[in-house]
$ cat protein07.txt   # compact mmCIF, C-alpha atoms
# COMPACT_ATOMS: atom_id res chain seq x y z
CA MET A 1 173.36 148.87 -7.78
CA ARG A 2 170.15 147.82 -9.52
CA ARG A 3 167.76 145.47 -7.74
CA PHE A 4 165.71 142.80 -9.48
CA SER A 5 162.68 140.76 -8.53
CA ALA A 6 162.78 136.98 -8.30
CA GLU A 7 160.24 136.78 -11.13
CA TYR A 8 162.44 138.91 -13.39
CA LEU A 9 165.54 136.81 -12.71
CA ARG A 10 163.71 133.55 -13.36
CA ARG A 11 162.15 134.86 -16.58
CA THR A 12 165.35 136.31 -18.01
CA ARG A 13 167.61 133.37 -17.10
CA GLU A 14 165.30 130.44 -17.77
CA GLY A 15 167.08 127.94 -20.03
CA MET A 16 170.49 129.58 -19.76
CA TRP A 17 173.28 126.94 -19.85
CA GLU A 18 170.65 124.26 -20.47
CA ASP A 19 172.01 122.95 -23.77
CA ASP A 20 175.59 124.22 -24.04
CA ARG A 21 178.02 124.74 -21.18
CA SER A 22 181.22 124.71 -23.24
CA ALA A 23 181.88 128.40 -22.55
CA LEU A 24 182.22 127.51 -18.85
CA ALA A 25 185.06 125.05 -19.56
CA PRO A 26 187.83 127.50 -18.47
CA LEU A 27 186.31 127.53 -14.97
CA ALA A 28 187.57 123.91 -14.59
CA LEU A 29 184.51 123.18 -12.48
CA ALA A 30 185.32 119.49 -12.08
CA ASP A 31 188.36 120.53 -10.01
CA ARG A 32 186.67 123.19 -7.86
CA GLU A 33 186.11 122.45 -4.17
CA ARG A 34 184.99 125.87 -2.86
CA VAL A 35 182.95 127.98 -5.28
CA VAL A 36 181.38 131.36 -4.55
CA ASP A 37 178.68 132.81 -6.84
CA VAL A 38 178.53 136.55 -6.14
CA GLY A 39 175.31 138.45 -6.84
CA CYS A 40 173.67 135.07 -7.31
CA GLY A 41 170.07 136.29 -6.98
CA THR A 42 167.76 133.28 -7.09
CA GLY A 43 170.67 131.02 -7.99
CA GLU A 44 170.24 130.17 -11.67
CA LEU A 45 174.01 129.99 -12.20
CA SER A 46 174.56 128.59 -8.70
CA GLY A 47 172.58 125.49 -9.62
CA VAL A 48 174.71 124.92 -12.72
CA LEU A 49 177.91 125.34 -10.69
CA ASP A 50 176.58 122.87 -8.13
CA GLU A 51 175.85 120.31 -10.84
CA GLU A 52 179.28 120.64 -12.45
CA SER A 53 181.60 120.89 -9.42
CA PRO A 54 182.23 118.26 -6.70
CA GLY A 55 182.67 120.73 -3.85
CA ARG A 56 180.56 123.26 -2.00
CA VAL A 57 178.88 126.17 -3.81
CA LEU A 58 178.00 129.27 -1.82
CA GLY A 59 175.66 131.91 -3.23
CA VAL A 60 176.15 135.50 -2.04
CA ASP A 61 173.69 138.34 -2.60
CA ARG A 62 172.55 141.54 -0.90
CA ASP A 63 168.88 140.54 -1.04
CA PRO A 64 167.81 137.87 1.48
CA ALA A 65 164.46 137.41 -0.31
CA LEU A 66 166.26 136.29 -3.48
CA LEU A 67 168.63 134.04 -1.55
CA ALA A 68 165.65 132.21 -0.07
CA GLU A 69 165.00 130.73 -3.54
CA ALA A 70 168.59 129.75 -4.36
CA PRO A 71 169.29 125.98 -4.62
CA VAL A 72 172.62 126.16 -2.71
CA ASP A 73 173.94 127.38 0.64
CA THR A 74 173.82 131.16 0.83
CA ALA A 75 175.14 134.19 2.69
CA VAL A 76 174.04 137.82 2.65
CA GLY A 77 176.87 140.04 1.43
CA ASP A 78 178.03 142.86 -0.81
CA ALA A 79 180.19 142.28 -3.91
CA LEU A 80 182.60 144.99 -2.77
CA SER A 81 183.02 143.55 0.73
CA LEU A 82 182.43 139.81 0.76
CA PRO A 83 181.81 138.15 4.15
CA LEU A 84 184.55 135.61 3.43
CA ARG A 85 188.17 135.17 4.46
CA THR A 86 191.10 135.75 2.14
CA ASP A 87 191.78 132.71 -0.05
CA GLY A 88 188.57 131.16 1.26
CA ALA A 89 187.49 129.84 -2.18
CA ASP A 90 189.18 128.38 -5.22
CA LEU A 91 186.70 129.98 -7.65
CA VAL A 92 184.78 133.23 -7.32
CA VAL A 93 182.35 133.89 -10.16
CA CYS A 94 179.53 136.27 -11.04
CA GLN A 95 176.93 136.44 -13.79
CA ALA A 96 175.39 139.68 -15.09
CA LEU A 97 176.67 141.50 -12.00
CA LEU A 98 179.51 143.76 -13.16
CA VAL A 99 177.25 145.46 -15.73
CA ASN A 100 175.13 146.68 -12.81
CA LEU A 101 178.02 148.04 -10.73
CA PRO A 102 179.38 151.59 -11.10
CA GLU A 103 182.88 150.35 -10.17
CA PRO A 104 183.28 146.79 -11.51
CA ALA A 105 187.05 146.83 -11.03
CA ARG A 106 186.58 147.14 -7.26
CA ALA A 107 184.44 143.99 -7.27
CA LEU A 108 187.07 142.05 -9.22
CA ALA A 109 189.75 143.09 -6.74
CA GLU A 110 187.56 141.76 -3.93
CA PHE A 111 186.96 138.51 -5.83
CA ALA A 112 190.75 138.13 -6.23
CA ARG A 113 191.18 138.59 -2.48
CA VAL A 114 188.76 135.78 -1.68
CA SER A 115 189.91 133.31 -4.35
CA SER A 116 193.08 131.26 -4.19
CA GLY A 117 192.53 129.96 -7.70
CA LEU A 118 190.27 131.42 -10.37
CA VAL A 119 188.05 134.47 -10.82
CA ALA A 120 185.38 134.47 -13.52
CA ALA A 121 182.75 136.90 -14.82
CA VAL A 122 179.87 136.04 -17.16
CA GLU A 123 178.73 139.41 -18.52
CA PRO A 124 176.37 140.41 -21.34
CA ASP A 125 176.91 142.94 -24.10
CA ASN A 126 173.37 144.30 -24.18
CA ALA A 127 174.09 146.61 -27.12
CA ALA A 128 174.68 143.54 -29.30
CA ALA A 129 171.40 141.82 -28.38
CA SER A 130 168.80 141.25 -31.10
CA VAL A 131 165.12 140.31 -31.38
CA GLU A 132 163.18 138.33 -33.97
CA SER A 133 159.39 138.35 -33.71
CA THR A 134 156.20 137.45 -35.53
CA VAL A 135 154.98 140.97 -34.65
CA PRO A 136 156.68 143.11 -37.34
CA GLU A 137 157.09 146.22 -35.20
CA GLU A 138 158.72 144.48 -32.24
CA PRO A 139 162.37 144.15 -33.47
CA ARG A 140 162.56 147.88 -34.32
CA LEU A 141 160.96 149.01 -31.07
CA ALA A 142 163.08 146.61 -29.00
CA ALA A 143 166.24 147.93 -30.69
CA THR A 144 165.25 151.55 -29.97
CA LEU A 145 164.43 150.71 -26.35
CA ARG A 146 167.75 148.94 -25.93
CA GLU A 147 169.75 151.76 -27.54
CA ARG A 148 168.16 154.51 -25.43
CA TYR A 149 168.24 152.52 -22.21
CA VAL A 150 171.92 151.62 -22.63
CA ALA A 151 172.77 155.26 -23.39
CA GLY A 152 170.89 156.48 -20.32
CA SER A 153 172.15 153.86 -17.86
CA SER A 154 174.42 154.85 -14.99
CA THR A 155 176.53 151.69 -15.53
CA ASP A 156 178.08 150.04 -18.58
CA LEU A 157 175.48 147.59 -19.85
CA THR A 158 177.69 146.73 -22.84
CA LEU A 159 180.54 145.41 -20.70
CA GLY A 160 180.77 141.93 -22.24
CA ALA A 161 184.35 140.63 -22.23
CA VAL A 162 186.51 142.36 -19.61
CA PRO A 163 190.11 141.04 -19.92
CA GLU A 164 191.55 144.50 -19.28
CA LEU A 165 189.71 144.76 -15.95
CA PHE A 166 190.99 141.33 -14.96
CA GLU A 167 194.55 142.32 -15.76
CA GLU A 168 194.15 145.55 -13.78
CA ALA A 169 193.05 143.41 -10.81
CA GLY A 170 196.33 141.48 -11.08
CA LEU A 171 194.81 138.33 -12.58
CA ALA A 172 196.88 136.24 -14.99
CA ALA A 173 196.31 133.79 -17.85
CA VAL A 174 193.12 135.64 -18.75
CA GLU A 175 190.84 133.87 -21.22
CA THR A 176 187.48 134.85 -22.73
CA ARG A 177 184.75 132.85 -24.45
CA ARG A 178 181.45 133.91 -26.01
CA TYR A 179 178.10 132.33 -25.24
CA GLU A 180 174.90 133.28 -27.08
CA PHE A 181 171.80 132.92 -24.98
CA ASP A 182 168.54 132.58 -26.92
CA ARG A 183 165.41 133.44 -24.96
CA THR A 184 162.44 132.09 -26.91
CA VAL A 185 158.73 132.68 -26.36
CA ALA A 186 156.47 130.21 -28.19
CA PRO A 187 153.31 128.19 -27.50
CA PRO A 188 152.39 126.96 -24.99
CA TYR A 189 152.99 130.24 -23.15
CA SER A 190 153.85 130.28 -19.48
CA ALA A 191 151.98 132.40 -16.97
CA GLU A 192 155.02 134.68 -16.69
CA GLU A 193 155.16 135.14 -20.48
CA LEU A 194 151.46 136.05 -20.57
CA ALA A 195 152.01 138.52 -17.73
CA ALA A 196 154.94 140.08 -19.60
CA ALA A 197 152.71 140.57 -22.65
CA ARG A 198 150.13 142.34 -20.51
CA ARG A 199 152.83 144.65 -19.20
CA ARG A 200 153.78 145.54 -22.77
CA ALA A 201 150.17 146.36 -23.62
CA THR A 202 149.85 148.67 -20.61
CA GLY A 203 153.22 150.34 -21.16
CA SER A 204 154.30 149.64 -17.56
CA ARG A 205 157.76 148.47 -18.67
CA ILE A 206 158.32 151.73 -20.52
CA GLU A 207 157.13 153.75 -17.57
CA ALA A 208 159.52 151.89 -15.27
CA ASP A 209 162.41 152.76 -17.61
CA ARG A 210 161.36 156.39 -18.11
CA ARG A 211 164.33 157.95 -16.33
CA GLU A 212 166.90 155.99 -18.35
CA LEU A 213 165.08 156.58 -21.64
CA LEU A 214 164.98 160.35 -21.10
CA ALA A 215 168.63 160.33 -20.04
CA GLY A 216 169.39 158.29 -23.16
CA GLY A 217 168.20 161.02 -25.51
CA PHE A 218 164.41 160.93 -25.71
CA SER A 219 162.60 164.22 -25.35
CA GLU A 220 159.36 164.13 -23.37
CA ALA A 221 157.35 164.15 -26.62
CA GLU A 222 159.49 161.38 -28.16
CA TYR A 223 159.12 159.32 -25.01
CA GLU A 224 155.32 159.62 -25.10
CA ARG A 225 155.22 158.68 -28.81
CA PHE A 226 157.45 155.70 -28.18
CA ARG A 227 155.36 154.56 -25.22
CA SER A 228 152.24 154.73 -27.41
CA GLU A 229 153.93 152.65 -30.13
CA TRP A 230 155.15 150.15 -27.52
CA ARG A 231 151.65 149.72 -26.10
CA ALA A 232 150.24 149.11 -29.60
CA MET A 233 152.94 146.51 -30.19
CA GLY A 234 152.08 144.94 -26.83
CA ARG A 235 148.44 144.63 -27.83
CA ALA A 236 149.51 142.88 -31.06
CA VAL A 237 151.65 140.49 -29.01
CA ALA A 238 148.71 139.72 -26.70
CA GLU A 239 146.46 139.09 -29.70
CA GLY A 240 149.05 136.75 -31.22
CA MET A 241 149.29 134.86 -27.96
CA ALA A 242 145.51 134.51 -27.80
CA GLU A 243 145.66 132.96 -31.28
CA GLY A 244 148.69 130.83 -30.44
CA SER A 245 150.66 132.35 -33.31
CA TYR A 246 153.14 134.59 -31.48
CA ARG A 247 156.83 133.70 -31.43
CA ARG A 248 159.80 135.75 -30.29
CA THR A 249 163.50 135.01 -29.92
CA GLU A 250 165.90 137.38 -28.21
CA THR A 251 169.60 136.60 -28.57
CA ILE A 252 171.92 138.04 -25.94
CA PRO A 253 175.70 137.56 -26.22
CA PHE A 254 177.43 136.77 -22.93
CA HIS A 255 181.20 136.77 -22.51
CA VAL A 256 182.91 134.47 -20.02
CA THR A 257 186.17 136.00 -18.75
CA VAL A 258 188.40 133.86 -16.52
CA GLY A 259 191.71 134.71 -14.83
CA ARG A 260 194.04 133.07 -12.34
CA VAL A 261 194.97 134.70 -9.03

$ encode --input "protein07.txt" --output "structure tokens"
Amino acid sequence: MRRFSAEYLRRTREGMWEDDRSALAPLALADRERVVDVGCGTGELSGVLDEESPGRVLGVDRDPALLAEAPVDTAVGDALSLPLRTDGADLVVCQALLVNLPEPARALAEFARVSSGLVAAVEPDNAAASVESTVPEEPRLAATLRERYVAGSSTDLTLGAVPELFEEAGLAAVETRRYEFDRTVAPPYSAEELAAARRRATGSRIEADRRELLAGGFSEAEYERFRSEWRAMGRAVAEGMAEGSYRRTETIPFHVTVGRV
């Protein structure tokens, strides 16, 4: 399973569910008394669940350092073997977790063991993401990066809606809804956004993804050319930020799948 830093989770989830929570309606949060957020990380979704439900929300993650920043009660645990009794919750939910698991069906079976009511998964289809930018080269380069990374990943980053996995886990009355998350960068830029621009200019993001990009079809020479183009684009982004003219919107479709135990 992939591991993420607290900074990455905050940056990539900031603003999610801020304006529109209608896709979460099938979770019937107003009726939930015992909610478990699996793979909660720093608790971005946990906080939303806590706001919308009257009962207790418990965040579970393998990384104690991430749990230290979560806004709810927490427990260290693995998605495939939760430290909770059977029927100990009436909703077990995860966000952007199954896409990072080699065997997502096993996790859903464990969620169904722990829940006496509903199981839900909020998962992205990363292949369908898109970027608009004031730097002309960025949408093309971002699309190439996404395509190669998805192809070279060891898990299914395009998972999205998973009704068939829910049905295989024995869940009934399965429902799915789509939620489009827009991540926008615009003036005034945050410290994290400025740091991300610097990473583009140095090519450190591309270097970190080297294994997946090569596995996704890049030759060594193609990888080096792409990294050079990415760094040039990063420098243009940094220049635009210095001028206050840079804007970027990335749209990521998430699919909310809910089933009853």

$ closest_atom_pairs --input "protein07.txt" --of "segment 124-155 of chain A" --to "segment 177-198 of chain A" --cutoff "12 Å" --atoms "only C-alpha atoms" --output "JSON lines"
{"residue": "A:Pro124", "atom": "CA", "partner": "A:Tyr179", "partner_atom": "CA", "distance": 9.1}
{"residue": "A:Asp125", "atom": "CA", "partner": "A:Arg178", "partner_atom": "CA", "distance": 10.3}
{"residue": "A:Asn126", "atom": "CA", "partner": "A:Glu180", "partner_atom": "CA", "distance": 11.5}
{"residue": "A:Ala128", "atom": "CA", "partner": "A:Glu180", "partner_atom": "CA", "distance": 10.5}
{"residue": "A:Ala129", "atom": "CA", "partner": "A:Glu180", "partner_atom": "CA", "distance": 9.3}
{"residue": "A:Ser130", "atom": "CA", "partner": "A:Asp182", "partner_atom": "CA", "distance": 9.6}
{"residue": "A:Val131", "atom": "CA", "partner": "A:Arg183", "partner_atom": "CA", "distance": 9.4}
{"residue": "A:Glu132", "atom": "CA", "partner": "A:Thr184", "partner_atom": "CA", "distance": 9.5}
{"residue": "A:Ser133", "atom": "CA", "partner": "A:Val185", "partner_atom": "CA", "distance": 9.3}
{"residue": "A:Thr134", "atom": "CA", "partner": "A:Ala186", "partner_atom": "CA", "distance": 10.3}
{"residue": "A:Glu138", "atom": "CA", "partner": "A:Ala197", "partner_atom": "CA", "distance": 12.0}

$ residues_around --input "protein07.txt" --residues "Asp156 of chain A" --least-positions-apart "6" --cutoff "10 Å" --atoms "all atoms listed in the file" --output "VMD selection string"
chain A and resid 98 to 104 125 to 126 150

$ write_last_selection --input "protein07.txt" --atoms "C-alpha atoms" --output "PDB file, keeping the file's coordinate frame"
ATOM      1  CA  LEU A  98     179.510 143.760 -13.160  1.00  0.00           C
ATOM      2  CA  VAL A  99     177.250 145.460 -15.730  1.00  0.00           C
ATOM      3  CA  ASN A 100     175.130 146.680 -12.810  1.00  0.00           C
ATOM      4  CA  LEU A 101     178.020 148.040 -10.730  1.00  0.00           C
ATOM      5  CA  PRO A 102     179.380 151.590 -11.100  1.00  0.00           C
ATOM      6  CA  GLU A 103     182.880 150.350 -10.170  1.00  0.00           C
ATOM      7  CA  PRO A 104     183.280 146.790 -11.510  1.00  0.00           C
ATOM      8  CA  ASP A 125     176.910 142.940 -24.100  1.00  0.00           C
ATOM      9  CA  ASN A 126     173.370 144.300 -24.180  1.00  0.00           C
ATOM     10  CA  VAL A 150     171.920 151.620 -22.630  1.00  0.00           C
TER      11      VAL A 150
END

$ closest_residue --input "protein07.txt" --among "A:Val36, A:Ala23, A:Leu171, A:Leu145" --to "Phe226 of chain A" --atoms "only C-alpha atoms"
A:Leu145

$ closest_residue --input "protein07.txt" --among "A:Ala208, A:Arg140, A:Tyr246, A:Glu52" --to "Glu229 of chain A" --atoms "only C-alpha atoms"
A:Arg140

$ residues_around --input "protein07.txt" --residues "Glu7 of chain A" --least-positions-apart "4" --cutoff "10 Å" --atoms "all atoms listed in the file" --output "list in words"
Arg11, Thr12, Thr42, Leu66 and Glu192 of chain A

$ residues_around --input "protein07.txt" --residues "Leu91 of chain A" --least-positions-apart "4" --cutoff "7 Å" --atoms "all atoms listed in the file" --output "PyMOL selection string"
chain A and resi 32+34-36+115+117-119

$ write_last_selection --input "protein07.txt" --atoms "C-alpha atoms" --output "PDB file, in the coordinates of the input"
ATOM      1  CA  ARG A  32     186.670 123.190  -7.860  1.00  0.00           C
ATOM      2  CA  ARG A  34     184.990 125.870  -2.860  1.00  0.00           C
ATOM      3  CA  VAL A  35     182.950 127.980  -5.280  1.00  0.00           C
ATOM      4  CA  VAL A  36     181.380 131.360  -4.550  1.00  0.00           C
ATOM      5  CA  SER A 115     189.910 133.310  -4.350  1.00  0.00           C
ATOM      6  CA  GLY A 117     192.530 129.960  -7.700  1.00  0.00           C
ATOM      7  CA  LEU A 118     190.270 131.420 -10.370  1.00  0.00           C
ATOM      8  CA  VAL A 119     188.050 134.470 -10.820  1.00  0.00           C
TER       9      VAL A 119
END

$ atom_distance --input "protein07.txt" --atom1 "atom CA of Arg227 of chain A" --atom2 "atom CA of Ser154 of chain A"
21.6 Å

$ closest_residue --input "protein07.txt" --among "A:Met241, A:Ala96, A:Val261, A:Ala68" --to "Glu167 of chain A" --atoms "all atoms listed in the file"
A:Val261

$ closest_residue --input "protein07.txt" --among "A:Pro71, A:Pro253, A:Pro83, A:Gly47" --to "Glu110 of chain A" --atoms "only C-alpha atoms"
A:Pro83
